[in-house]
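These notes are about the structure you will find just below.
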Amino acid sequence: MNRALRYSWISLGREWRAGELRILALALVIAVAAVTSVSFFTDRVQRAMSLQATELLGADLSITSPQPIPGEFAREARERGLDTARYVSFPSVVVAGDDSELAELKAVSDGWPLRGTARVSEALFGEEQETRSVPGSGEAWVEARLLQLLELSVGDSLEVGEISLSITRVLTYEPDRGGDLFQLAPRLMLNVEDLEATGLIVPGSRVNHRFLVAGDEAAINRYREWASAELAENQRLETVADAQPALRNAIARGEQFLSLAALVAVLLAGGAVAVAARHYSDRQSDTSAVMRCLGASRRFVLQVFTLRLLWLALLASTVGLVLGFAAQGVLAWLLSGWFATELPLPSLWPVFTGMGVGLITALGFGLPALLRIGQVPPLRVLRRDLGAPPPAMWLVLGLAMLTLGVLLLWQAGDVRLAGFVLGGAAVTVAVLWLAALLLVKALTPLRSRGGVALRFGLANLSRRGALSAVQLSAFGLGIMALLLLALVRVDLLSEWEGSLPEGAPNHFMINVQPDQVEPLQALFERHGMERPEYYPMIRGRLSAMNDAPVRPEDYTNPRAERLVTREFNLSFAGDLQPGNRVVAGQWWDPEDPEPGFSVEEGLAETLGIELGDVLEFSIAGERVRAPVTNLRGVEWDSFNVNFFVLSSPGVLEDFPATYITSFHMDEAGQRMLTEAVRQFPSITVLDVRALMQQVRDIIDRASLAVEYVFLFTLAAGVTVLFAAIHATRDLRRRESAVLRTLGASRKQILAGLLAEFMVMGALAGLLASAGASAVGIVLAREIFDLPYTVNPVLWLAGVGGGALGVGLAGWLGARSVLRQPPLLTLRQVG
Amino acid sequence: MVSHSPAPVVSASGIVKSVMGPAGRLSILKGVDLHVAPAEAVAILGASGSGKSTLLGLLAGLDLPSGGEVRLLDQDLGRLSEDARAGLRAGRVGFVFQSFQLLPALTALENVMLTLELSGHEGDARAGAREALEQVGLGPRLDHYPSQLSGGEQQRVAIARAFAAHPQVLFADEPTGNLDQQTGDQIIQLLFNLKSAYGTALVLVTHDPDLASRCERRYRITDGVLGAA
Ligand SMILES: Nc1ncnc2c1ncn2[C@@H]1O[C@H](COP(=O)(O)OP(=O)(O)O)[C@@H](O)[C@H]1O
Ligand SMILES: [Mg+2]
C-alpha cells in the first residue's frame, strides 16, 4: 500500500500530460465549485440567522396582538425585575407637500430594542452610528428610501395622520426588522407617545401591537409560564426559539433550490468524469499490461490507479473550493436584497462538503472504468488486440445512480425531494437516450445520400450509435437547461403580465370607516374617477371547527399553521362577486338566506375544511358559528377585492367593520389620493404597482441567481462535450490521415467533421426544445395556471443554436487533426 | 543508380530527411535516389528503424523531404501544397498499410466507395466498389464493418480500395507484416495479380525475402542510404 501510495503520487505528474486526466480534473473542479459556492453562501445565511435570532426578536420574549396589550403584562414583568418595551406597527400613507408614500410606521417606547442595537446617521448616507435612544416626541426617524421617494432631507417635516413630524435621523439599521423577507414599504419610526395624536388608530385598523420583555433566562422562563396562562386568543407569545419560522422556511426552500441547481452541474460533471475515465483506462491498457509483465500484482495495479484518481480528486477539489469561495461572493451580492443585514463570513463546513462531493463524484463515476484496468491480460504486450473487457453497463449506471442519490440526499436533505429529483433525472435521461437512439437509427438510410462529406459524417454518427446517443442526451440536457432558463422563464413572466387585464385595479384602499364611504365616493367623483365598489371587512380568528378548538400546533403544514394563528378578513355578501364561482355546494338565496359560510377552495384544502363543517370564528371577543354551505373558486390575480371566507347576510352585520375597495388609478389620480389621505388619515392606500414591481424584481434577482448557478451546469455540459470529442480524437486523427492518403482535401475532411457535429447539435437541440416545451407546458398548467403556447423561437434557438454551438465546439476540438502531415499522424496513432 | 527510358512514375533525387528528436537532430535519410518506371515492381528492404516507412511516405507526398526532389506522376511534390498533393494522389495512387487502416465507421463497401468518390470517378461508385470487392473474393461481405472481418479479410478490403480506381502506382508498407504465412501468401498473390491486370507500378516495403524476390528490382536501406540488395 505504501509503495502504491508513493508510486501513484510520483506518476501523477507524468500522467497529467495525458489529456484525459486534465478533463477529469476540470470536471471535478466545476462540480466542486458549483456545490461549494452554494454551500458557502447558505452557510453564511444560516450563521446570520443564528447570530441574529435574539436580535430578530429585539427581545428575549414578545407578545403580539392586533389589539392593545393589557397593562397587567407589563406590571407583572416589572415586578419580576424584567426590562420591558413596546411598539405598535402598521402601514400608513405619509404626506410631504403634494407627494404621498406608503410607509411602514413603527411607534416605539423608550427602551426599544431590548436586544440588539439600532443604528442611525445624521444625514442621508452620512456616517452610521449606534444609538441607545428612540425618536423623541414630535420627531421621526426614517429610512433613506423614504427620503429619496419624497425628495426630503433631515430637518424637513412630513405629515403622519393628523400631526406633523420633523425628521431628525436617517434610520440605517433596525435589529428586529430582519423578519421582512420582502421589504415592501420604507420604515418611519416615531415615538409611541405621539401615536394617539396621529388619529391613525381606530377600531378595525390593521395594526400590530408588540410587547417586549428581556432579562435573565430563569426569570424569563418563569414569566413565560405565567404569561402563557394569561394569554387571550388573539395574543401570541414568541421566544427566540420560535422566532421567524416563516422566514426560515422561505430561506430553506431557496437554499434547497440552489443546491439542486448545483447538483445538476455535478450530474453533468459526473458524465464527463465517466467518459474521461473510460478513455483514460483504454489508453492505460498498455501500461497496465507492461506493469503486470514486469511483475506487479493485479492488486498493486488497481491500487495505483485508484489512488491516482484520489490524488487527482483531492487536488481538483482544492481548486474547486477556491473557485467556489470566490463565486459565492457574487451569489451573496445578487441576493443581498433578501437580507436586511450584512452576511457574516462562512464557517469551514463547506470545505468538507466540497471535498466530499469531489471524492464521491470521482469515485462514483470514475471507478467502474478504472477497475477494468486490473483485468487487462499481461499477454496484451504481445497481442495488442487483447484489451480490458468494457465495464458492465449495470455497474456503471448503478454506481452513478447510487452516487447521485447519496449526493442528493446529502445536499437536499429531504428523502422525498431527493427521490423525486433522482426519478425525474433518470426518466429524463432515459427518454433522451431512447429518443437519441431512435434519431441515430433514423439517420442510417441517409448514409447513401448527399455529398461525400455529409455521408461520412452521418456514417460516423450512426456507426457509433450507442456513444452518439449518450453524447446526444448529454448535449440535449445541457441545451434544455439553457432553453428553460433563457426562454421559457421570460415567456412565462410575460404571459403572466399579459394575463392582467388593462385597467385592472392597481390600488387598494383599506381601513375605511363606514361613515367615510360616502365622502370618499364623492371625492372620486369630483376627480372624474369611477366610483369603486366597497366591501365590508371584519377581522376574526378561526377558533373551532365542528366544536373542536383549532390550535396552530395541530397543523404540520406551515401555511396552515400561519393561517390559523392570524386573524382572517371576513366579509358578507348576498350575491356572488364577479370572478368568483361556486365549485361545491349551493350559493345562498340573497333574499332569504340561511346562516352559512362560503370558503375559498384553496383555503378549504389547506385547512381540511369540508362542505357541512361548522366553523366558529372569534370576533372582538364574541363567537359566531355557522356551517359551510359552499366552496368558491376565486381569480386572485384579477386584483379585485376577494375574501377567503364570506358569510351569508345576517351573520356578521352587527360586528364593527371597516371597508375595503380596489380601483385603477394612473399618475393623474395622485392628487385625489393625497387629498383623500389628508382628509381621512386613518385609511391606508396600498399601491400594488410598486408591489408588483417589487415582486418582479425579486423574481428577476432570484432567477438571476439560479442562472448564475446554472453557469456551472453549462461549463459542466461543455466539459462533457469536450470529453466526448477528446475520447474520439485519436480515431479521428487516424481517419483523417487515411482519408488524406486516399486523396481527400482538408476542406472535404473538415466538412465531414462539421456535418457530423452540426447534425449532432441540431438533433440535441431538437430533443432539448421538445423537453423544454414539455416542461414549460407542465409548469404553466400545473403551477402558474396560465395558458402557455410554445414559442417557435424556442425551437429555432434550440435546433439552430445546438447545431452552431456543438458544430463550433467540435470543429475547434478536431481542427488540430488537420495540421500535421499525415505520415506523422499515422506514425503516432498507427 | 538505374534509370529507365519511359518517364518514371516516381522519381526521387538526393532526398534527405532529418527530424528534431529529444536528443537533437536525427538524420533518417541521407541522400536517396530512386526511379520507378510504369508497371514496374520495386522492393525496399531494410532493418526495422532504417527509414523504409519514412521513404515511402516521402515518395507518396505524405510528408516533405528536408532536401532533394521528389517527382510523382510528373509533378514536383515540393511545389505543391498539402491539398494539391492530396488531389494528385486521389484515384491515381493506391496505398496498402501493415495495419490495414480501414475506416471503422464505414462498411467494406463504403470504404472502397470512398476512394472512387474522392477521385471524382465517373459512373456508379457503388457498382465499381462492388466489382473491386468481388475481385478480391469479398463479394458476400460487402456490408460488414471492419471490426467484423478477420485481418486477412481487412487487408483484402484495403487492396480492393487501393486498386478500385485503377491507380498508376501503388505503395505498400509491409502489407503482410500483421498476417500469418498462408494469409500473407494469398495477399501477395492478389497484389501481383491486380498489378499485372491494371499495369500498376508497385513500391513495396517488406522484410519478407519471398515477396522481395517477386519484384523486378530490390534495394536495401542501410544508414540512410539506398543500395542494391
Ligand atoms: N517524426 C519523427 N520524429 C522522430 N523520429 C522519427 C520520426 N520519424 C521517423 N523517426 C525515426 O526514424 C527512424 C526510421 O523510422 P521508420 O521510417 O518508421 O523506419 P522503418 O519503417 O524502416 O522501421 C526511426 O528510428 C524512427 O524512430
Ligand atoms: Mg516501417
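Identifiers for the C-alpha cells are assigned positionally: chains receive A, B, ... in sequence, residues are indexed from 1 per chain, and ligands are indexed from 1 in the order shown.
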Could I get the residue neighbourhood of ligand 2 at 9 Å, counting only C-alpha atoms and all ligand atoms, as a list in words? Arg827 of chain A; Ser48, Gly49, Ser50, Gly51, Lys52, Ser53, Thr54, Leu56, Gln98, Asp173, Glu174, Val205 and Thr206 of chain B
Please list as a list in words every residue within 8 Å of stretch 113-126 of chain B, counting only C-alpha atoms and excluding residues in the same chain fewer than 2 positions away. Val452, Leu742, Gly743 and Ala744 of chain A; Gly87, Ala90, Gly91, Arg92, Leu109, Glu110, Asn111, Gly128, Ala129, Arg130, Arg161, Ala162, Ala164 and Ala165 of chain B
Serialized selection, N, CA, C and O atoms, as an mmCIF file, in the first residue's frame:
```cif
data_model
loop_
_atom_site.group_PDB
_atom_site.id
_atom_site.type_symbol
_atom_site.label_atom_id
_atom_site.label_comp_id
_atom_site.auth_asym_id
_atom_site.auth_seq_id
_atom_site.Cartn_x
_atom_site.Cartn_y
_atom_site.Cartn_z
ATOM 1 N N VAL A 452 -19.992 13.480 -50.252
ATOM 2 C CA VAL A 452 -19.083 12.582 -49.536
ATOM 3 C C VAL A 452 -18.967 12.995 -48.076
ATOM 4 O O VAL A 452 -19.042 12.169 -47.168
ATOM 5 N N LEU A 742 -5.722 8.838 -49.142
ATOM 6 C CA LEU A 742 -6.557 8.460 -50.277
ATOM 7 C C LEU A 742 -6.849 9.647 -51.179
ATOM 8 O O LEU A 742 -7.511 9.515 -52.195
ATOM 9 N N GLY A 743 -6.398 10.829 -50.796
ATOM 10 C CA GLY A 743 -6.544 11.963 -51.685
ATOM 11 C C GLY A 743 -7.626 12.957 -51.316
ATOM 12 O O GLY A 743 -7.979 13.816 -52.112
ATOM 13 N N ALA A 744 -8.199 12.874 -50.090
ATOM 14 C CA ALA A 744 -9.226 13.846 -49.711
ATOM 15 C C ALA A 744 -8.555 15.174 -49.353
ATOM 16 O O ALA A 744 -7.467 15.195 -48.792
ATOM 17 N N GLY B 87 -4.765 15.917 -53.806
ATOM 18 C CA GLY B 87 -5.527 15.848 -55.051
ATOM 19 C C GLY B 87 -4.800 15.012 -56.109
ATOM 20 O O GLY B 87 -5.438 14.288 -56.877
ATOM 21 N N ALA B 90 -5.385 11.335 -55.358
ATOM 22 C CA ALA B 90 -6.750 10.830 -55.461
ATOM 23 C C ALA B 90 -6.943 10.022 -56.746
ATOM 24 O O ALA B 90 -6.822 10.546 -57.845
ATOM 25 N N GLY B 91 -7.205 8.735 -56.573
ATOM 26 C CA GLY B 91 -7.519 7.876 -57.715
ATOM 27 C C GLY B 91 -6.308 7.371 -58.473
ATOM 28 O O GLY B 91 -6.394 6.378 -59.183
ATOM 29 N N ARG B 92 -5.156 8.054 -58.346
ATOM 30 C CA ARG B 92 -4.012 7.634 -59.152
ATOM 31 C C ARG B 92 -2.941 6.927 -58.330
ATOM 32 O O ARG B 92 -2.048 6.291 -58.870
ATOM 33 N N LEU B 109 -17.947 -2.044 -48.237
ATOM 34 C CA LEU B 109 -18.349 -1.407 -49.496
ATOM 35 C C LEU B 109 -18.101 0.098 -49.450
ATOM 36 O O LEU B 109 -17.533 0.685 -50.378
ATOM 37 N N GLU B 110 -18.504 0.719 -48.328
ATOM 38 C CA GLU B 110 -18.356 2.172 -48.213
ATOM 39 C C GLU B 110 -16.891 2.577 -48.176
ATOM 40 O O GLU B 110 -16.512 3.618 -48.723
ATOM 41 N N ASN B 111 -16.047 1.751 -47.544
ATOM 42 C CA ASN B 111 -14.621 2.042 -47.526
ATOM 43 C C ASN B 111 -14.069 2.102 -48.958
ATOM 44 O O ASN B 111 -13.271 2.981 -49.277
ATOM 45 N N GLY B 128 -18.739 0.087 -58.979
ATOM 46 C CA GLY B 128 -17.288 -0.060 -59.086
ATOM 47 C C GLY B 128 -16.708 -0.715 -57.844
ATOM 48 O O GLY B 128 -15.855 -1.603 -57.928
ATOM 49 N N ALA B 129 -17.208 -0.262 -56.665
ATOM 50 C CA ALA B 129 -16.687 -0.794 -55.413
ATOM 51 C C ALA B 129 -17.062 -2.262 -55.264
ATOM 52 O O ALA B 129 -16.255 -3.083 -54.834
ATOM 53 N N ARG B 130 -18.285 -2.583 -55.668
ATOM 54 C CA ARG B 130 -18.723 -3.975 -55.552
ATOM 55 C C ARG B 130 -17.837 -4.861 -56.421
ATOM 56 O O ARG B 130 -17.376 -5.913 -55.983
ATOM 57 N N ARG B 161 -9.698 -1.439 -52.075
ATOM 58 C CA ARG B 161 -9.772 0.013 -52.004
ATOM 59 C C ARG B 161 -8.626 0.644 -52.812
ATOM 60 O O ARG B 161 -8.819 1.613 -53.549
ATOM 61 N N ALA B 162 -7.404 0.036 -52.697
ATOM 62 C CA ALA B 162 -6.244 0.599 -53.385
ATOM 63 C C ALA B 162 -6.374 0.473 -54.899
ATOM 64 O O ALA B 162 -5.964 1.367 -55.646
ATOM 65 N N ALA B 164 -9.289 -0.036 -56.674
ATOM 66 C CA ALA B 164 -10.622 0.237 -57.235
ATOM 67 C C ALA B 164 -10.573 1.299 -58.322
ATOM 68 O O ALA B 164 -11.269 1.208 -59.332
ATOM 69 N N ALA B 165 -9.723 2.322 -58.122
ATOM 70 C CA ALA B 165 -9.696 3.411 -59.101
ATOM 71 C C ALA B 165 -8.618 3.187 -60.166
ATOM 72 O O ALA B 165 -8.296 4.108 -60.925
#
```
Which one is closest to chain A: B:Gly137, B:Gly152, B:Gly67, B:Pro146? Count only C-alpha atoms. B:Pro146
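Note that the spacing between atom CA of A:Ala584 and atom CA of A:Pro627 amounts to 13.7 Å.
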Identify every residue of chain A that has at least one atom within 6 Å of any atom of chain B, counting only C-alpha atoms, and report the result as a ChimeraX atom specification. /A:460,463,740,742-745,821-823
Determine which residues of stretch 10-176 of chain B DSSP labels as strand (DSSP E or B) from the backbone of this structure, then write them out as a PyMOL selection string. chain B and resi 10-21+24-36+41-46+67-72+75-76+93-96+169-173
Considering only C-alpha atoms, return as a PDB file with all heavy atoms, in the first residue's frame whatever protein or nucleic-acid residues lie within 6 Å of stretch 558-569 of chain A, sequence-local ones (same chain, fewer than 2 positions apart) excluded.
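The resulting file, result-v7.pdb, is shown below:
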```pdb
ATOM      1  N   MET A 537     -65.334  44.560   5.892  1.00  0.00           N
ATOM      2  CA  MET A 537     -64.308  43.619   6.297  1.00  0.00           C
ATOM      3  C   MET A 537     -64.301  43.539   7.809  1.00  0.00           C
ATOM      4  O   MET A 537     -64.251  44.538   8.508  1.00  0.00           O
ATOM      5  CB  MET A 537     -62.967  44.116   5.786  1.00  0.00           C
ATOM      6  CG  MET A 537     -61.867  43.123   5.904  1.00  0.00           C
ATOM      7  SD  MET A 537     -60.488  43.710   4.906  1.00  0.00           S
ATOM      8  CE  MET A 537     -59.544  44.479   6.163  1.00  0.00           C
ATOM      9  N   ILE A 538     -64.391  42.306   8.320  1.00  0.00           N
ATOM     10  CA  ILE A 538     -64.435  42.093   9.762  1.00  0.00           C
ATOM     11  C   ILE A 538     -63.317  41.116  10.083  1.00  0.00           C
ATOM     12  O   ILE A 538     -63.125  40.140   9.379  1.00  0.00           O
ATOM     13  CB  ILE A 538     -65.793  41.477  10.167  1.00  0.00           C
ATOM     14  CG1 ILE A 538     -66.911  42.488   9.853  1.00  0.00           C
ATOM     15  CG2 ILE A 538     -65.817  41.103  11.637  1.00  0.00           C
ATOM     16  CD1 ILE A 538     -67.992  41.919   9.015  1.00  0.00           C
ATOM     17  N   ARG A 539     -62.547  41.421  11.147  1.00  0.00           N
ATOM     18  CA  ARG A 539     -61.426  40.537  11.434  1.00  0.00           C
ATOM     19  C   ARG A 539     -61.791  39.541  12.511  1.00  0.00           C
ATOM     20  O   ARG A 539     -62.384  39.904  13.529  1.00  0.00           O
ATOM     21  CB  ARG A 539     -60.209  41.358  11.852  1.00  0.00           C
ATOM     22  CG  ARG A 539     -59.851  42.324  10.742  1.00  0.00           C
ATOM     23  CD  ARG A 539     -58.568  43.008  11.012  1.00  0.00           C
ATOM     24  NE  ARG A 539     -57.480  42.047  10.994  1.00  0.00           N
ATOM     25  CZ  ARG A 539     -56.229  42.401  11.207  1.00  0.00           C
ATOM     26  NH1 ARG A 539     -55.930  43.645  11.468  1.00  0.00           N
ATOM     27  NH2 ARG A 539     -55.285  41.506  11.177  1.00  0.00           N
ATOM     28  N   GLY A 540     -61.475  38.280  12.255  1.00  0.00           N
ATOM     29  CA  GLY A 540     -61.812  37.248  13.231  1.00  0.00           C
ATOM     30  C   GLY A 540     -60.875  36.068  13.108  1.00  0.00           C
ATOM     31  O   GLY A 540     -60.288  35.841  12.057  1.00  0.00           O
ATOM     32  N   ARG A 541     -60.719  35.353  14.221  1.00  0.00           N
ATOM     33  CA  ARG A 541     -59.819  34.216  14.212  1.00  0.00           C
ATOM     34  C   ARG A 541     -60.643  32.943  14.171  1.00  0.00           C
ATOM     35  O   ARG A 541     -61.689  32.843  14.828  1.00  0.00           O
ATOM     36  CB  ARG A 541     -58.960  34.231  15.482  1.00  0.00           C
ATOM     37  CG  ARG A 541     -57.549  33.721  15.277  1.00  0.00           C
ATOM     38  CD  ARG A 541     -56.737  33.906  16.549  1.00  0.00           C
ATOM     39  NE  ARG A 541     -57.386  33.265  17.682  1.00  0.00           N
ATOM     40  CZ  ARG A 541     -57.325  31.942  17.909  1.00  0.00           C
ATOM     41  NH1 ARG A 541     -56.625  31.159  17.117  1.00  0.00           N
ATOM     42  NH2 ARG A 541     -57.952  31.424  18.944  1.00  0.00           N
ATOM     43  N   PRO A 552     -52.835  26.043  16.470  1.00  0.00           N
ATOM     44  CA  PRO A 552     -51.807  26.072  15.417  1.00  0.00           C
ATOM     45  C   PRO A 552     -50.940  24.817  15.453  1.00  0.00           C
ATOM     46  O   PRO A 552     -50.566  24.284  14.407  1.00  0.00           O
ATOM     47  CB  PRO A 552     -50.959  27.296  15.771  1.00  0.00           C
ATOM     48  CG  PRO A 552     -51.816  28.135  16.652  1.00  0.00           C
ATOM     49  CD  PRO A 552     -52.799  27.238  17.310  1.00  0.00           C
ATOM     50  N   TYR A 555     -51.355  21.652  13.198  1.00  0.00           N
ATOM     51  CA  TYR A 555     -51.125  21.635  11.756  1.00  0.00           C
ATOM     52  C   TYR A 555     -49.651  21.443  11.467  1.00  0.00           C
ATOM     53  O   TYR A 555     -48.806  22.097  12.071  1.00  0.00           O
ATOM     54  CB  TYR A 555     -51.604  22.933  11.110  1.00  0.00           C
ATOM     55  CG  TYR A 555     -53.106  23.061  11.134  1.00  0.00           C
ATOM     56  CD1 TYR A 555     -53.755  23.669  12.203  1.00  0.00           C
ATOM     57  CD2 TYR A 555     -53.866  22.538  10.095  1.00  0.00           C
ATOM     58  CE1 TYR A 555     -55.128  23.771  12.247  1.00  0.00           C
ATOM     59  CE2 TYR A 555     -55.246  22.623  10.129  1.00  0.00           C
ATOM     60  CZ  TYR A 555     -55.883  23.256  11.209  1.00  0.00           C
ATOM     61  OH  TYR A 555     -57.227  23.333  11.223  1.00  0.00           O
ATOM     62  N   THR A 606     -56.230  23.526   2.290  1.00  0.00           N
ATOM     63  CA  THR A 606     -55.113  23.653   3.233  1.00  0.00           C
ATOM     64  C   THR A 606     -55.537  23.321   4.658  1.00  0.00           C
ATOM     65  O   THR A 606     -54.809  22.667   5.394  1.00  0.00           O
ATOM     66  CB  THR A 606     -54.559  25.091   3.201  1.00  0.00           C
ATOM     67  OG1 THR A 606     -54.386  25.479   1.849  1.00  0.00           O
ATOM     68  CG2 THR A 606     -53.235  25.179   3.922  1.00  0.00           C
ATOM     69  N   LEU A 607     -56.709  23.794   5.044  1.00  0.00           N
ATOM     70  CA  LEU A 607     -57.130  23.602   6.430  1.00  0.00           C
ATOM     71  C   LEU A 607     -58.009  22.368   6.609  1.00  0.00           C
ATOM     72  O   LEU A 607     -58.435  22.062   7.722  1.00  0.00           O
ATOM     73  CB  LEU A 607     -57.890  24.843   6.924  1.00  0.00           C
ATOM     74  CG  LEU A 607     -57.069  26.128   7.019  1.00  0.00           C
ATOM     75  CD1 LEU A 607     -57.911  27.252   7.579  1.00  0.00           C
ATOM     76  CD2 LEU A 607     -55.840  25.914   7.893  1.00  0.00           C
TER      77      LEU A 607
END
```
